[in-house]
Amino acid sequence: QMNHRIQSKVAWTLMYVFAILVLAFTLLPILMIFPFAFNSAEYLAFPPQGFSLRWFWSFFSEPTWVNASLKSLEVAVFTTILSVVCGTLAAFAIIRKKMAYGNVISIFLLFPMIGPHITFAIGIFGIFSRLHLAGTTFGLVLSHSAIAIPFVYINVASRLSTFDASLERAARSL
């Protein structure tokens, strides 16, 4: 039993070390680039030549960049709302209601994530061009949501498949 406890501690320690290494590998490029935002040099230079907020001032004083950032934020907010609602409803319908052809519908829902993105983009552009949605905020939200819905669906469906449905029925009766 003592040997099993030591093995368990070693396994957990290795898992934590691995998680920290993966996190460091993921965040290191961002952390390396961050100091360059405060560089006072005219061009990219390492080490940074001085501290300055000029690049932030330049960004926020240019209406084109600010408008593009606001448009991106708008698309992101509406995409998040639409994809969370649609992905959650799809997961509830397929997992809880045991829909006919639920597996086929699941594959259809996952296609934007599984299939090649370039094929999806060309198809969406062709359809949206005919519907005059290409280049509109609504078209961007729809196309981004189509790509985001599978991620929501997978997470909600996996949780619903292991969740005790009797707890849900008990909550409904309250």
# chains A, B, ... in the order shown; residues from 1 in each chain; ligands from 1
call {"tool": "residues_around", "arguments": {"residues": "range 72-77 of chain A", "least_positions_apart": "6", "cutoff": "8 Å", "atoms": "only C-alpha atoms", "output": "PyMOL selection string"}}
result
chain A and resi 137+140-141
call {"tool": "residues_around", "arguments": {"residues": "Ile95 in chain A", "least_positions_apart": "2", "cutoff": "10 Å", "atoms": "only C-alpha atoms", "output": "PDB file with C-alpha atoms, in the first residue's frame"}}
result
ATOM      1  CA  LEU A  89     -29.481  23.073 -27.508  1.00  0.00           C
ATOM      2  CA  ALA A  90     -28.078  20.557 -30.001  1.00  0.00           C
ATOM      3  CA  ALA A  91     -26.363  18.598 -27.235  1.00  0.00           C
ATOM      4  CA  PHE A  92     -29.518  18.505 -25.120  1.00  0.00           C
ATOM      5  CA  ALA A  93     -31.621  17.430 -28.090  1.00  0.00           C
ATOM      6  CA  LYS A  97     -33.999  13.275 -26.150  1.00  0.00           C
ATOM      7  CA  LYS A  98     -32.276  10.362 -27.878  1.00  0.00           C
ATOM      8  CA  MET A  99     -33.093  11.807 -31.292  1.00  0.00           C
ATOM      9  CA  GLY A 102     -28.584  11.490 -33.495  1.00  0.00           C
ATOM     10  CA  ASN A 103     -25.220  10.032 -34.546  1.00  0.00           C
ATOM     11  CA  SER A 106     -23.562  14.711 -34.495  1.00  0.00           C
ATOM     12  CA  VAL A 156     -21.781  19.946 -23.395  1.00  0.00           C
ATOM     13  CA  ALA A 157     -22.558  16.527 -24.911  1.00  0.00           C
ATOM     14  CA  SER A 158     -19.679  14.848 -23.087  1.00  0.00           C
ATOM     15  CA  ARG A 159     -20.831  16.324 -19.790  1.00  0.00           C
ATOM     16  CA  LEU A 160     -24.478  15.449 -20.412  1.00  0.00           C
ATOM     17  CA  SER A 161     -23.650  11.847 -21.273  1.00  0.00           C
TER      18      SER A 161
END
call {"tool": "closest_residue", "arguments": {"among": "A:Thr13, A:Ser83, A:Asn3, A:Asn67", "to": "Pro150 in chain A", "atoms": "only C-alpha atoms"}}
result
A:Ser83
call {"tool": "select_by_dssp", "arguments": {"residues": "chain A", "states": "alpha helix (DSSP H)", "output": "PyMOL selection string"}}
result
chain A and resi 2-33+54-60+63-91+102-114+117-130+137-162+165-173
call {"tool": "residues_around", "arguments": {"residues": "range 29-38 of chain A", "least_positions_apart": "6", "cutoff": "6 Å", "atoms": "only C-alpha atoms", "output": "PDB file with all heavy atoms, in the first residue's frame"}}
result
ATOM      1  N   PHE A  51      11.782  52.282 -22.600  1.00  0.00           N
ATOM      2  CA  PHE A  51      10.363  52.083 -22.292  1.00  0.00           C
ATOM      3  C   PHE A  51       9.549  53.211 -22.911  1.00  0.00           C
ATOM      4  O   PHE A  51       9.870  54.381 -22.742  1.00  0.00           O
ATOM      5  CB  PHE A  51      10.145  52.049 -20.777  1.00  0.00           C
ATOM      6  CG  PHE A  51       8.721  51.805 -20.396  1.00  0.00           C
ATOM      7  CD1 PHE A  51       8.223  50.524 -20.369  1.00  0.00           C
ATOM      8  CD2 PHE A  51       7.882  52.865 -20.079  1.00  0.00           C
ATOM      9  CE1 PHE A  51       6.906  50.278 -20.024  1.00  0.00           C
ATOM     10  CE2 PHE A  51       6.563  52.638 -19.729  1.00  0.00           C
ATOM     11  CZ  PHE A  51       6.071  51.344 -19.700  1.00  0.00           C
ATOM     12  N   SER A  52       8.481  52.827 -23.634  1.00  0.00           N
ATOM     13  CA  SER A  52       7.626  53.828 -24.261  1.00  0.00           C
ATOM     14  C   SER A  52       6.232  53.248 -24.484  1.00  0.00           C
ATOM     15  O   SER A  52       6.075  52.042 -24.689  1.00  0.00           O
ATOM     16  CB  SER A  52       8.221  54.248 -25.603  1.00  0.00           C
ATOM     17  OG  SER A  52       7.316  55.081 -26.288  1.00  0.00           O
ATOM     18  N   LEU A  53       5.244  54.109 -24.452  1.00  0.00           N
ATOM     19  CA  LEU A  53       3.870  53.720 -24.770  1.00  0.00           C
ATOM     20  C   LEU A  53       3.478  54.193 -26.166  1.00  0.00           C
ATOM     21  O   LEU A  53       2.298  54.209 -26.504  1.00  0.00           O
ATOM     22  CB  LEU A  53       2.905  54.299 -23.731  1.00  0.00           C
ATOM     23  CG  LEU A  53       3.075  53.779 -22.305  1.00  0.00           C
ATOM     24  CD1 LEU A  53       2.152  54.517 -21.350  1.00  0.00           C
ATOM     25  CD2 LEU A  53       2.816  52.283 -22.245  1.00  0.00           C
TER      26      LEU A  53
END
call {"tool": "closest_residue", "arguments": {"among": "A:Phe151, A:Phe128, A:Trp55, A:Phe78", "to": "Leu109 in chain A", "atoms": "only C-alpha atoms"}}
result
A:Phe151
call {"tool": "closest_residue", "arguments": {"among": "A:Leu23, A:Ser145, A:Met15, A:Leu174", "to": "Cys86 in chain A", "atoms": "only C-alpha atoms"}}
result
A:Ser145
call {"tool": "atom_distance", "arguments": {"atom1": "CA of Lys71 in chain A", "atom2": "CA of Thr136 in chain A"}}
result
10.6 Å
